[in-house]
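Asks: Please find one structure pasted underneath; my questions will follow.
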Protein chains: 2
Amino acid sequence: MTSYTANVRDMQFVLHELLKVAEQDVPGYADMERDFTEAVLDAAGKVSSEVLAPLNAVGDHEGCVLENGAVRTPKGFDAAFAAMKEGGWTALDCNPEYGGQGMPYVLNCAVGEMFVSSNMAFNMYQGLTHGAVSAIEAHGTEEQKATFLPKMIACDWTGTMNLTEPHCGTDLGLLRTKAEPQEDGSYSITGTKIFISAGEHDLAENIIHLVLAKAPGGGEGTKGISLFIVPKFLVNADGSLGARNAVSAGKVEHKMGIHGSATCVMNYDGATGYLLGDLHKGMRAMFTMMNEARLGVGLQGYAVAEAAYQNAVAYAKDRLQGRAVTGAENPGGAADPLIVHPDIRRSLMDQKSFLEGARAFTYWGATLIDRAHLMQDHEAEGLISLMTPVIKGFLTDKGFEACVQAQQVWGGHGYIEEQGMSQFTRDARITMIYEGANGVQALDLVGRKLAADGGKPLMAFFEMVKAECKAHEGDARMTPFTEALKVASKQLQTAGMFFMQNGMKNPNAALSGSYDFMHMMGHVCLGLMWTRMAKAAYTALDGGATDTAFYEGKIATGRYYMARQLPACSMHLTRIESGADPVMALSADQF
Amino acid sequence: MTSYTANVRDMQFVLHELLKVAEQDVPGYADMERDFTEAVLDAAGKVSSEVLAPLNAVGDHEGCVLENGAVRTPKGFDAAFAAMKEGGWTALDCNPEYGGQGMPYVLNCAVGEMFVSSNMAFNMYQGLTHGAVSAIEAHGTEEQKATFLPKMIACDWTGTMNLTEPHCGTDLGLLRTKAEPQEDGSYSITGTKIFISAGEHDLAENIIHLVLAKAPGGGEGTKGISLFIVPKFLVNADGSLGARNAVSAGKVEHKMGIHGSATCVMNYDGATGYLLGDLHKGMRAMFTMMNEARLGVGLQGYAVAEAAYQNAVAYAKDRLQGRAVTGAENPGGAADPLIVHPDIRRSLMDQKSFLEGARAFTYWGATLIDRAHLMQDHEAEGLISLMTPVIKGFLTDKGFEACVQAQQVWGGHGYIEEQGMSQFTRDARITMIYEGANGVQALDLVGRKLAADGGKPLMAFFEMVKAECKAHEGDARMTPFTEALKVASKQLQTAGMFFMQNGMKNPNAALSGSYDFMHMMGHVCLGLMWTRMAKAAYTALDGGATDTAFYEGKIATGRYYMARQLPACSMHLTRIESGADPVMALSADQF
């Protein structure tokens with residue numbers, strides 16, 4: 001059996017020593033002093049370890065069952081959901097006007113990381129609701145906000161996002177779900193949506209579906225798409241629940257993982273829907289939520305890996321097998337623990353150096369979202385738009401890889417379902433796919449974001465890296481960080497230049513290297529985070545911090561990342577510079 | 001639903017144009033003319049597509065069930081097993097003296113690849129038997145051979161290998177299963193073995209367990225281990241089945257994948273066992289089968305990926321989504337097929353260039369095993385010993401990665417179990433673990449094989465690469481191959497030198513880089529194979545071959561591998577040269 005303990009110490013390090021949140025000029029950040037966030041994180045950690053983690057295997061084992069149109073969630077999910085609501089955990093960063101607690105998004109991310117680590121599938125019910133809340137808050141009428149937000153923020157009602165149809169996922173221009181205007185101003189929604197997380201379940205009184213559909217007169221492709229609110233139960237004027245709407249779950253999918261999350265086929269048979277935002281501007285309404293949703297998936301990628309890593313470490317310390325090549329380290333025992341073996345350490349260091357870098361990167365991204373939302377900070381908005389595909393694509397690829405590595409530490413026992421390590425791998429696998437498959441993230445990055453706003457955000461990022469390296473000139477302790485970062489950053493710039501020089505003539509020359517570029521950029525971002533974290537750790541040590549094992553471990557882990565992970569950039573650059581020819585050489589028949 | 005069609009064309013290319021098997025001076029190879037192997041491969045391909053592949057999802061879905069001590073295999077497995085026996089497919093390369101067909105091992109590998117691609121779990125019942133047959137043939141008495149081999153080669157009786165115990169996997173010195181000598185010369189075996197594939201099932205009349213156990217007087221650790229034959233039913237003097245032996249399955253494991261393969265906990269409660277080979281020399285008896293068994297697992301790694309790849313290609317050609325960035329390629333349709341997109345091609349080319357290289361590498365390895373076994377070719381023996389951890393470790397890591405990539409092409413549909421793509425990923429995952437986890441393969445390679453026989457096999461390999469590059473000097477068409485291979489091979493040598501210079505002082509300096517070295521060497525081996533295959537393709541084209549699409553595709557795929565995969569060597573070398581410090585810096589508490 002696996003377990004999970006929130007790494008509050010590291011979260012606090014990132015929030016206060018790396019990001020110095022309480023010193024930032026973002027509305028609400030001044031309240032986030034060290035003691036306050038520690039209290040919140042400790043409390044969330046307790047819920048995660050004691051309430052959510054014990055249900056993780058249960059959810060995986062039982063899954064969700066559709067019977068007579070109703071979906072039964074795994075045993076214990078309802079009580080846990082009630083506990084989450086009661087603890088206020090579903091409303092942490094929501095608008096106080098509608099019952100939220102109004103905390104910054106970055107703190108919600110730290111708490112969310114724990115919930116995902118302890119039970120990713122369970123956390124999706126509230127996670128999806130959070131997304132729908134954001135959409136209604138951004139685009140709803142005052143009446144819509146008053147009707148839906150208080151109930152949804154309390155998670156008495158949950159939310160869904162309905163985009164995908166059987167024949168279209170990424171290419172939403174193909175969608176067929178229809179919205180027919182009715183005399184009362186509502187719309188009649190007809191169509192089939194698939195892969196709808198939390199589409200039907202027994203954890204809430206009502207489910208508020210946000211549905212992309214085509215209303216007449218909008219033109220071809222994505223232009224004709226609008227966004228609609230389609231409640232499972234219609235809501236009366238007094239806020240009470242009315243008639244059952246013509247929407248139902250046709251199927252619950254059997255998936256590779258996240259079994260506790262009910263993934264439904266949803267059938268809309270002339271269901272009543274209400275336009276959310278402007279007619280025919282549904283795609284724009286969707287995109288406003290994209291950065292946050294994709295950051296949330298990137299977070300899932302590394303958060304599941306964090307749980308897997310903790311259990312790999314525990315096993316490596318516990319399992320006795322073989323002897324250290326440099327001499328027995330447990331001479332009284334039958335063998336040494338796995339953790340003495342260099343290759344086990346390599347695997348654990350790969351995981352640890354990724355996870356801690358990913359956490360810093362994600363929280364930093366969350367502060368950019370806070371700045372963009374709360375301060376209309378244009379520069380932060382540009383930067384997070386650029387970073388979003390990297391956070392989503394890179395952190396989920398590497399998070400999955402880390403889960404596989406953690407599972408590998410357990411040897412044959414890692415392959416046995418009741419041990420729990422396989423679940424992490426199976427759960428993490430979806431993060432590479434949903435909310436835009438990672439290849440689509442790479443396309444978004446290279447095809448759209450690099451040149452966005454005249455390339456200003458990209459230039460700002462390179463300047464930021466340059467300034468970071470310059471800031472530590474003369475500090476010999478920082479050289480392993482700044483030198484590696486300079487090399488990798490220069491390689492990234494060279495790759496960008498290659499795209500500019502070749503992509504105009506042949507877009508395939510850029511797109512053939514898009515995936516490699518996304519990974520390169522991920523490494524440079526984590527390299528930047530590690531450089532900053534190393535500096536923060538040295539500062540703490542220089543200031544006489546007593547927790548030396550933590551800070552020295554932080555620096556050593558960072559050095560590992562710079563020495564052994566950042567060199568991947570050189571490989572990615574070589575691949576990118578090979579251009580489109582190797583990739584596009586074959587005719588379709590030759591595959 | 002997925003499907004599988006054997007790639008006989010490519011297998012024939014490898015056997016006849018790359019390896020030129022019929023021209024080799026190995027006993028039995030002269031019979032392997034092009035028409036003959038094509039007939040065998042076509043017939044095996046038909047069985048694979050029509051009998052085995054349709055049962056693949058069935059096996060995954062139903063799994064194996066233990067009831068009252070008996071294990072029920074999935075529906076249809078029994079009829080398929082009977083068909084395999086009847087077709088002679090279980091005995092292809094077995095000794096004709098005992099009913100085998102006496103074909104070379106390399107041909108058995110090609111056929112085995114198909115069986116694994118179409119149904120990996122099903123194929124394990126005969127695969128494990130094959131391993132046990134080899135052990136009994138190599139170490140058994142004449143009486144043991146006469147008693148067991150004919151029945152096992154016919155697969156009327158199947159075999160197992162019992163190594164692992166709950167507290168020991170890699171470190172067999174810890175094992176506790178006891179063998180007490182009896183008055184009649186037999187032994188009484190007592191202990192618990194875990195992860196025993198095909199330990200109990202309903203496909204055969206009898207199951208012949210080969211069990212590692214400790215008999216008195218052998219000393220500590222692995223020295224005291226002997227190998228025993230423990231039949232499920234004792235065998236009477238006339239060959240008929242006698243009493244039930246005291247061995248039983250205590251549990252069937254629920255695993256991440258290969259559900260159709262019954263993985264059992266086996267309890268030996270004073271079971272009657274017969275010594276196989278010399279007393280206290282059980283480890284040596286095991287090791288003689290290691291090269292073949294590990295090559296078989298490496299083959300599984302890429303063979304499952306071959307099936308996944310075929311289904312990824314089919315989906316990429318069929319699924320309409322988005323438009324080619326260079327202009328619509330399917331203007332009459334609602335969208336273009338996925339295969340027009342560069343990043344989808346990158347993924348498919350990664351898979352294809354790996355798979356075809358892996359096939360060549362594995363069959364080449366099989367010819368080395370044939371040379372070693374049939375001709376006592378010492379050089380071939382040394383070379384295959386060196387290559388074995390690379391075939392096992394590199395091909396299974398990359399095979400799993402290829403399965404994940406193939407699954408990714410299917411987007412969200414790849415995560416839904418009934419579509420079948422998830423199964424490939426889940427099945428392939430075990431190949432990285434069993435028969436020595438890949439970290440152990442890396443340890444074997446760097447800690448044992450590099451310096452084996454005074455380093456002669458390693459030197460022979462480098463000379464072989466050098467000679468290959470030299471052979472194509474002046475042939476400009478071959479330059480992209482030879483230049484890339486030279487660079488990678490030199491990097492591999494540099495890594496080897498680093499180990500020699502630093503490993504003596506500090507073994508951790510070598511072992512910290514062992515995993516990277518294994519991957520580097522895998523890339524160099526596949527680079528060598530691609531260089532040879534490119535030459536073979538040019539030779540065919542120069543000779544006026546009409547199948548130009550095949551040969552040109554082969555060359556283009558090889559160029560992709562050299563341009564986009566081989567550069568990984570540079571990254572691995574940088575990691576290796578960072579030495580032990582980054583890997584070993586933390587104390588166990590700091591994880």
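As shown in the structure tokens, the chain order sets the letters A, B, ...; within each chain, residues go from 1, and ligands are also counted from 1 in the order they appear.
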Give me the residues of chain B that have any atom at most 6 Å from an atom of chain A; for each, the nearest atom pair and the distance in Å, rounded to one decimal. Use only C-alpha atoms, sort by chain and number, and format it as JSON lines.
Replies:
{"residue": "B:Asp171", "atom": "CA", "partner": "A:Gly322", "partner_atom": "CA", "distance": 5.5}
{"residue": "B:His254", "atom": "CA", "partner": "A:Glu417", "partner_atom": "CA", "distance": 5.6}
{"residue": "B:Lys255", "atom": "CA", "partner": "A:Ile416", "partner_atom": "CA", "distance": 4.5}
{"residue": "B:Met256", "atom": "CA", "partner": "A:Tyr415", "partner_atom": "CA", "distance": 5.6}
{"residue": "B:Gln321", "atom": "CA", "partner": "A:Asp171", "partner_atom": "CA", "distance": 5.5}
{"residue": "B:Gly322", "atom": "CA", "partner": "A:Asp171", "partner_atom": "CA", "distance": 5.5}
{"residue": "B:Pro342", "atom": "CA", "partner": "A:Ser512", "partner_atom": "CA", "distance": 5.1}
{"residue": "B:Asp343", "atom": "CA", "partner": "A:Ser512", "partner_atom": "CA", "distance": 5.8}
{"residue": "B:Arg346", "atom": "CA", "partner": "A:Val583", "partner_atom": "CA", "distance": 5.5}
{"residue": "B:Gly411", "atom": "CA", "partner": "A:Ile433", "partner_atom": "CA", "distance": 5.9}
{"residue": "B:Tyr415", "atom": "CA", "partner": "A:Met256", "partner_atom": "CA", "distance": 5.6}
{"residue": "B:Ile416", "atom": "CA", "partner": "A:Lys255", "partner_atom": "CA", "distance": 4.4}
{"residue": "B:Glu417", "atom": "CA", "partner": "A:Lys255", "partner_atom": "CA", "distance": 5.1}
{"residue": "B:Ile433", "atom": "CA", "partner": "A:Gly411", "partner_atom": "CA", "distance": 5.9}
{"residue": "B:Leu511", "atom": "CA", "partner": "A:Pro342", "partner_atom": "CA", "distance": 5.9}
{"residue": "B:Ser512", "atom": "CA", "partner": "A:Pro342", "partner_atom": "CA", "distance": 5.1}
{"residue": "B:Tyr560", "atom": "CA", "partner": "A:Pro582", "partner_atom": "CA", "distance": 4.9}
{"residue": "B:Arg564", "atom": "CA", "partner": "A:Arg575", "partner_atom": "CA", "distance": 4.9}
{"residue": "B:Pro567", "atom": "CA", "partner": "A:Met571", "partner_atom": "CA", "distance": 5.6}
{"residue": "B:Ala568", "atom": "CA", "partner": "A:Met571", "partner_atom": "CA", "distance": 5.7}
{"residue": "B:Met571", "atom": "CA", "partner": "A:Pro567", "partner_atom": "CA", "distance": 5.6}
{"residue": "B:Arg575", "atom": "CA", "partner": "A:Arg564", "partner_atom": "CA", "distance": 4.9}
{"residue": "B:Pro582", "atom": "CA", "partner": "A:Tyr560", "partner_atom": "CA", "distance": 4.9}
{"residue": "B:Val583", "atom": "CA", "partner": "A:Arg346", "partner_atom": "CA", "distance": 5.5}
Asks: List every residue of segment 440-496 of chain A that DSSP, applied to the backbone of this structure, assigns to alpha helix (DSSP H), and report them as a ChimeraX atom specification.
Replies: /A:440-444,456-471,479-496
Asks: Write to file, as a compact mmCIF listing (two decimals), in the first residue's frame, the residues of the selection just made, with N, CA, C and O atoms.
Replies:
# COMPACT_ATOMS: atom_id res chain seq x y z
N VAL A 440 -0.11 18.99 -29.33
CA VAL A 440 -0.86 20.22 -29.60
C VAL A 440 -0.28 21.37 -28.77
O VAL A 440 -0.24 22.52 -29.22
N GLN A 441 0.19 21.07 -27.59
CA GLN A 441 0.86 22.09 -26.78
C GLN A 441 2.12 22.59 -27.49
O GLN A 441 2.40 23.79 -27.52
N ALA A 442 2.86 21.65 -28.06
CA ALA A 442 4.08 22.02 -28.78
C ALA A 442 3.75 22.88 -29.99
O ALA A 442 4.45 23.86 -30.30
N LEU A 443 2.68 22.53 -30.67
CA LEU A 443 2.21 23.32 -31.82
C LEU A 443 1.81 24.72 -31.38
O LEU A 443 2.13 25.72 -32.03
N ASP A 444 1.09 24.79 -30.27
CA ASP A 444 0.67 26.08 -29.72
C ASP A 444 1.89 26.94 -29.38
O ASP A 444 1.95 28.13 -29.69
N LYS A 456 7.61 39.64 -27.97
CA LYS A 456 8.03 40.31 -26.73
C LYS A 456 8.13 39.38 -25.52
O LYS A 456 9.12 39.43 -24.78
N PRO A 457 7.12 38.54 -25.27
CA PRO A 457 7.24 37.65 -24.10
C PRO A 457 8.47 36.74 -24.19
O PRO A 457 9.16 36.54 -23.19
N LEU A 458 8.76 36.24 -25.39
CA LEU A 458 9.92 35.36 -25.55
C LEU A 458 11.20 36.13 -25.25
O LEU A 458 12.09 35.64 -24.54
N MET A 459 11.28 37.34 -25.78
CA MET A 459 12.47 38.16 -25.51
C MET A 459 12.59 38.46 -24.01
O MET A 459 13.68 38.42 -23.45
N ALA A 460 11.45 38.74 -23.40
CA ALA A 460 11.47 39.04 -21.96
C ALA A 460 11.98 37.84 -21.18
O ALA A 460 12.73 37.98 -20.20
N PHE A 461 11.60 36.64 -21.62
CA PHE A 461 12.08 35.43 -20.94
C PHE A 461 13.60 35.30 -21.08
O PHE A 461 14.30 35.03 -20.10
N PHE A 462 14.08 35.49 -22.29
CA PHE A 462 15.54 35.37 -22.48
C PHE A 462 16.29 36.42 -21.66
O PHE A 462 17.36 36.15 -21.11
N GLU A 463 15.73 37.62 -21.60
CA GLU A 463 16.36 38.68 -20.80
C GLU A 463 16.39 38.30 -19.32
O GLU A 463 17.35 38.57 -18.60
N MET A 464 15.31 37.67 -18.90
CA MET A 464 15.19 37.24 -17.50
C MET A 464 16.29 36.22 -17.16
O MET A 464 16.93 36.29 -16.11
N VAL A 465 16.50 35.28 -18.07
CA VAL A 465 17.54 34.26 -17.87
C VAL A 465 18.92 34.93 -17.84
O VAL A 465 19.76 34.64 -16.98
N LYS A 466 19.11 35.84 -18.77
CA LYS A 466 20.40 36.54 -18.86
C LYS A 466 20.67 37.32 -17.58
O LYS A 466 21.77 37.28 -17.02
N ALA A 467 19.66 38.02 -17.12
CA ALA A 467 19.80 38.83 -15.90
C ALA A 467 20.10 37.93 -14.71
O ALA A 467 20.91 38.28 -13.84
N GLU A 468 19.48 36.77 -14.67
CA GLU A 468 19.71 35.84 -13.57
C GLU A 468 21.18 35.42 -13.56
O GLU A 468 21.80 35.37 -12.49
N CYS A 469 21.69 35.07 -14.70
CA CYS A 469 23.09 34.63 -14.78
C CYS A 469 24.03 35.78 -14.39
O CYS A 469 25.01 35.57 -13.66
N LYS A 470 23.72 36.95 -14.87
CA LYS A 470 24.55 38.12 -14.58
C LYS A 470 24.56 38.43 -13.08
O LYS A 470 25.59 38.80 -12.52
N ALA A 471 23.42 38.24 -12.46
CA ALA A 471 23.29 38.59 -11.04
C ALA A 471 24.25 37.80 -10.16
O ALA A 471 24.58 38.22 -9.05
N THR A 479 28.46 29.11 -10.06
CA THR A 479 28.92 28.84 -11.42
C THR A 479 28.33 27.57 -12.06
O THR A 479 27.94 27.59 -13.23
N PRO A 480 28.24 26.46 -11.30
CA PRO A 480 27.66 25.26 -11.93
C PRO A 480 26.22 25.51 -12.43
O PRO A 480 25.76 24.85 -13.35
N PHE A 481 25.56 26.45 -11.80
CA PHE A 481 24.19 26.77 -12.22
C PHE A 481 24.20 27.73 -13.41
O PHE A 481 23.59 27.46 -14.44
N THR A 482 24.89 28.85 -13.25
CA THR A 482 24.82 29.87 -14.29
C THR A 482 25.47 29.41 -15.59
O THR A 482 24.96 29.70 -16.67
N GLU A 483 26.55 28.66 -15.50
CA GLU A 483 27.21 28.21 -16.72
C GLU A 483 26.31 27.26 -17.51
O GLU A 483 26.16 27.38 -18.72
N ALA A 484 25.72 26.31 -16.81
CA ALA A 484 24.84 25.36 -17.48
C ALA A 484 23.61 26.06 -18.05
O ALA A 484 23.14 25.76 -19.16
N LEU A 485 23.10 27.02 -17.30
CA LEU A 485 21.92 27.74 -17.75
C LEU A 485 22.22 28.59 -18.99
O LEU A 485 21.42 28.64 -19.94
N LYS A 486 23.38 29.22 -18.99
CA LYS A 486 23.78 30.02 -20.15
C LYS A 486 23.84 29.16 -21.41
O LYS A 486 23.34 29.55 -22.47
N VAL A 487 24.48 28.02 -21.28
CA VAL A 487 24.62 27.12 -22.44
C VAL A 487 23.25 26.70 -22.96
O VAL A 487 22.95 26.80 -24.15
N ALA A 488 22.40 26.26 -22.05
CA ALA A 488 21.09 25.76 -22.46
C ALA A 488 20.23 26.87 -23.05
O ALA A 488 19.53 26.68 -24.05
N SER A 489 20.31 28.04 -22.45
CA SER A 489 19.51 29.16 -22.92
C SER A 489 19.97 29.59 -24.31
O SER A 489 19.16 29.92 -25.19
N LYS A 490 21.25 29.55 -24.52
CA LYS A 490 21.77 29.90 -25.85
C LYS A 490 21.32 28.88 -26.89
O LYS A 490 20.97 29.24 -28.02
N GLN A 491 21.31 27.63 -26.49
CA GLN A 491 20.83 26.59 -27.42
C GLN A 491 19.36 26.81 -27.75
O GLN A 491 18.93 26.63 -28.88
N LEU A 492 18.61 27.22 -26.75
CA LEU A 492 17.19 27.49 -26.98
C LEU A 492 17.02 28.66 -27.96
O LEU A 492 16.18 28.61 -28.87
N GLN A 493 17.83 29.68 -27.78
CA GLN A 493 17.76 30.82 -28.71
C GLN A 493 18.15 30.41 -30.12
O GLN A 493 17.53 30.84 -31.10
N THR A 494 19.17 29.55 -30.21
CA THR A 494 19.58 29.06 -31.52
C THR A 494 18.44 28.31 -32.19
O THR A 494 18.20 28.44 -33.40
N ALA A 495 17.73 27.52 -31.41
CA ALA A 495 16.59 26.78 -31.96
C ALA A 495 15.51 27.74 -32.44
O ALA A 495 14.93 27.56 -33.51
N GLY A 496 15.26 28.77 -31.67
CA GLY A 496 14.28 29.78 -32.07
C GLY A 496 14.68 30.46 -33.37
O GLY A 496 13.85 30.67 -34.26
Asks: I need the residues in segment 88-289 of chain B that are strand (DSSP E) according to DSSP; give them as a VMD selection string.
Replies: chain B and resid 157 to 162 178 to 181 187 to 197 206 to 214 225 to 231 233 to 235 241 to 244 247 to 252 263 to 276
Asks: Leaving out Lys178 of chain B and any residue of its chain fewer than 3 positions from it, which residues lie within 8 Å of it when counting only C-alpha atoms, given as a ChimeraX atom specification?
Replies: /B:188-191,213-215
Asks: Please produce an output containing N, CA and C atoms for each residue in the selection, written as a PDB file, in the first residue's frame.
Replies:
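So the final result, stored in again-v3.pdb, reads:
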ATOM      1  N   SER B 188      13.078 -33.006  -0.953  1.00  0.00           N
ATOM      2  CA  SER B 188      11.809 -32.464  -0.491  1.00  0.00           C
ATOM      3  C   SER B 188      11.934 -30.934  -0.487  1.00  0.00           C
ATOM      4  N   ILE B 189      11.116 -30.299  -1.302  1.00  0.00           N
ATOM      5  CA  ILE B 189      11.239 -28.850  -1.524  1.00  0.00           C
ATOM      6  C   ILE B 189      10.168 -28.113  -0.719  1.00  0.00           C
ATOM      7  N   THR B 190      10.632 -27.116   0.064  1.00  0.00           N
ATOM      8  CA  THR B 190       9.696 -26.345   0.874  1.00  0.00           C
ATOM      9  C   THR B 190      10.029 -24.853   0.798  1.00  0.00           C
ATOM     10  N   GLY B 191       9.021 -24.079   0.464  1.00  0.00           N
ATOM     11  CA  GLY B 191       9.227 -22.633   0.389  1.00  0.00           C
ATOM     12  C   GLY B 191       8.154 -21.971  -0.460  1.00  0.00           C
ATOM     13  N   ALA B 213      16.575 -23.698  -5.057  1.00  0.00           N
ATOM     14  CA  ALA B 213      16.421 -23.916  -3.617  1.00  0.00           C
ATOM     15  C   ALA B 213      17.789 -24.223  -3.008  1.00  0.00           C
ATOM     16  N   LYS B 214      17.844 -24.133  -1.700  1.00  0.00           N
ATOM     17  CA  LYS B 214      19.104 -24.388  -1.009  1.00  0.00           C
ATOM     18  C   LYS B 214      19.114 -25.789  -0.411  1.00  0.00           C
ATOM     19  N   ALA B 215      20.070 -26.575  -0.830  1.00  0.00           N
ATOM     20  CA  ALA B 215      20.261 -27.901  -0.244  1.00  0.00           C
ATOM     21  C   ALA B 215      21.386 -27.794   0.780  1.00  0.00           C
TER      22      ALA B 215
END
Asks: Might you pull out every residue within 9 Å of Arg34 of chain A, with only C-alpha atoms counted and same-chain residues fewer than 5 positions away left off, and present them as a ChimeraX atom specification?
Replies: /A:12,15-16,22,39
Asks: Which residues, written as a list in words, have at least one atom at most 7 Å from segment 87-93 of chain B, with only C-alpha atoms counted and residues fewer than 3 positions away on the same chain left out?
Replies: Ala83, Met84, Gly100, Gln101, Gly102, Met103, Pro104, Tyr105, Asn108, Gln126, Ile153, Ala154 and Cys155 of chain B
Asks: Using only N, CA, C and O atoms, please write the residues we just selected to a file, as a JSON list (two decimals), in the first residue's frame.
Replies:
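So selection.json came out as:
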[["chain", "number", "residue", "atom", "x", "y", "z"],
["B", 83, "ALA", "N", -4.27, -25.19, -31.12],
["B", 83, "ALA", "CA", -3.94, -24.88, -32.51],
["B", 83, "ALA", "C", -2.45, -24.63, -32.67],
["B", 83, "ALA", "O", -1.83, -25.05, -33.68],
["B", 84, "MET", "N", -1.85, -23.98, -31.71],
["B", 84, "MET", "CA", -0.40, -23.70, -31.76],
["B", 84, "MET", "C", 0.39, -25.01, -31.70],
["B", 84, "MET", "O", 1.39, -25.17, -32.40],
["B", 100, "GLY", "N", 11.28, -31.96, -31.75],
["B", 100, "GLY", "CA", 11.35, -30.59, -32.26],
["B", 100, "GLY", "C", 11.60, -30.56, -33.75],
["B", 100, "GLY", "O", 11.84, -31.60, -34.37],
["B", 101, "GLN", "N", 11.54, -29.37, -34.34],
["B", 101, "GLN", "CA", 11.72, -29.25, -35.78],
["B", 101, "GLN", "C", 13.13, -28.83, -36.16],
["B", 101, "GLN", "O", 13.44, -28.72, -37.35],
["B", 102, "GLY", "N", 13.93, -28.53, -35.15],
["B", 102, "GLY", "CA", 15.36, -28.30, -35.41],
["B", 102, "GLY", "C", 15.71, -27.10, -36.25],
["B", 102, "GLY", "O", 16.76, -27.06, -36.88],
["B", 103, "MET", "N", 14.83, -26.11, -36.30],
["B", 103, "MET", "CA", 15.18, -24.92, -37.08],
["B", 103, "MET", "C", 16.07, -24.00, -36.25],
["B", 103, "MET", "O", 16.11, -24.08, -35.03],
["B", 104, "PRO", "N", 16.78, -23.11, -36.92],
["B", 104, "PRO", "CA", 17.67, -22.21, -36.17],
["B", 104, "PRO", "C", 16.87, -21.30, -35.23],
["B", 104, "PRO", "O", 15.71, -20.99, -35.48],
["B", 105, "TYR", "N", 17.56, -20.86, -34.20],
["B", 105, "TYR", "CA", 16.95, -19.97, -33.21],
["B", 105, "TYR", "C", 16.52, -18.65, -33.84],
["B", 105, "TYR", "O", 15.48, -18.08, -33.48],
["B", 108, "ASN", "N", 13.16, -18.90, -35.18],
["B", 108, "ASN", "CA", 12.21, -18.96, -34.06],
["B", 108, "ASN", "C", 11.95, -17.56, -33.49],
["B", 108, "ASN", "O", 10.84, -17.25, -33.06],
["B", 126, "GLN", "N", 4.02, -20.84, -23.76],
["B", 126, "GLN", "CA", 5.01, -21.63, -24.49],
["B", 126, "GLN", "C", 6.41, -21.05, -24.32],
["B", 126, "GLN", "O", 7.39, -21.79, -24.33],
["B", 153, "ILE", "N", 8.30, -30.24, -25.25],
["B", 153, "ILE", "CA", 8.46, -29.68, -26.60],
["B", 153, "ILE", "C", 7.12, -29.69, -27.33],
["B", 153, "ILE", "O", 6.80, -28.77, -28.09],
["B", 154, "ALA", "N", 6.33, -30.70, -27.07],
["B", 154, "ALA", "CA", 4.98, -30.75, -27.66],
["B", 154, "ALA", "C", 4.02, -29.81, -26.93],
["B", 154, "ALA", "O", 2.89, -29.63, -27.36],
["B", 155, "CYS", "N", 4.48, -29.27, -25.81],
["B", 155, "CYS", "CA", 3.64, -28.42, -24.95],
["B", 155, "CYS", "C", 2.42, -29.16, -24.38],
["B", 155, "CYS", "O", 1.43, -28.53, -24.00]]
Asks: As an exercise, work out the distance from atom CA of Asp427 of chain A to atom CA of Gly69 of chain A in Å and give it to one decimal place.
Replies: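 Between atom CA of Asp427 of chain A and atom CA of Gly69 of chain A the gap is 25.6 Å.
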Asks: Quote the spacing between atom CA of Gly239 of chain A and atom CA of Ala146 of chain A in Å to one decimal place.
Replies: 9.4 Å
Asks: So which residues touch Thr272 of chain B within 10 Å, counting only C-alpha atoms, skipping near sequence neighbours fewer than 5 positions away, as a list in words?
Replies: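 Everything that qualifies: Ala179, Glu180, Pro181, Gln182, Ser186, Tyr187, Ser188, Ile189, Thr190, Phe228, Ile229, Val230, Pro231, Lys232, Phe233, Leu234, Arg244, Asn245, Ala246 and Val247 of chain B.
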Asks: Neighbours of His259 of chain A within 7 Å (only C-alpha atoms; same-chain residues fewer than 4 positions away dropped), as a list of chain:residue names?
Replies: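 Close residues of His259 of chain A: A:Gly59, A:Asp60, A:Gly63, A:Cys64, A:Ala121, A:Lys255.
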Asks: Just to confirm, what's the straight-line distance from atom CA of Tyr98 of chain B to atom CA of Val133 of chain B in Å (one decimal)?
Replies: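 About the pair atom CA of Tyr98 of chain B and atom CA of Val133 of chain B: they are 10.4 Å apart.
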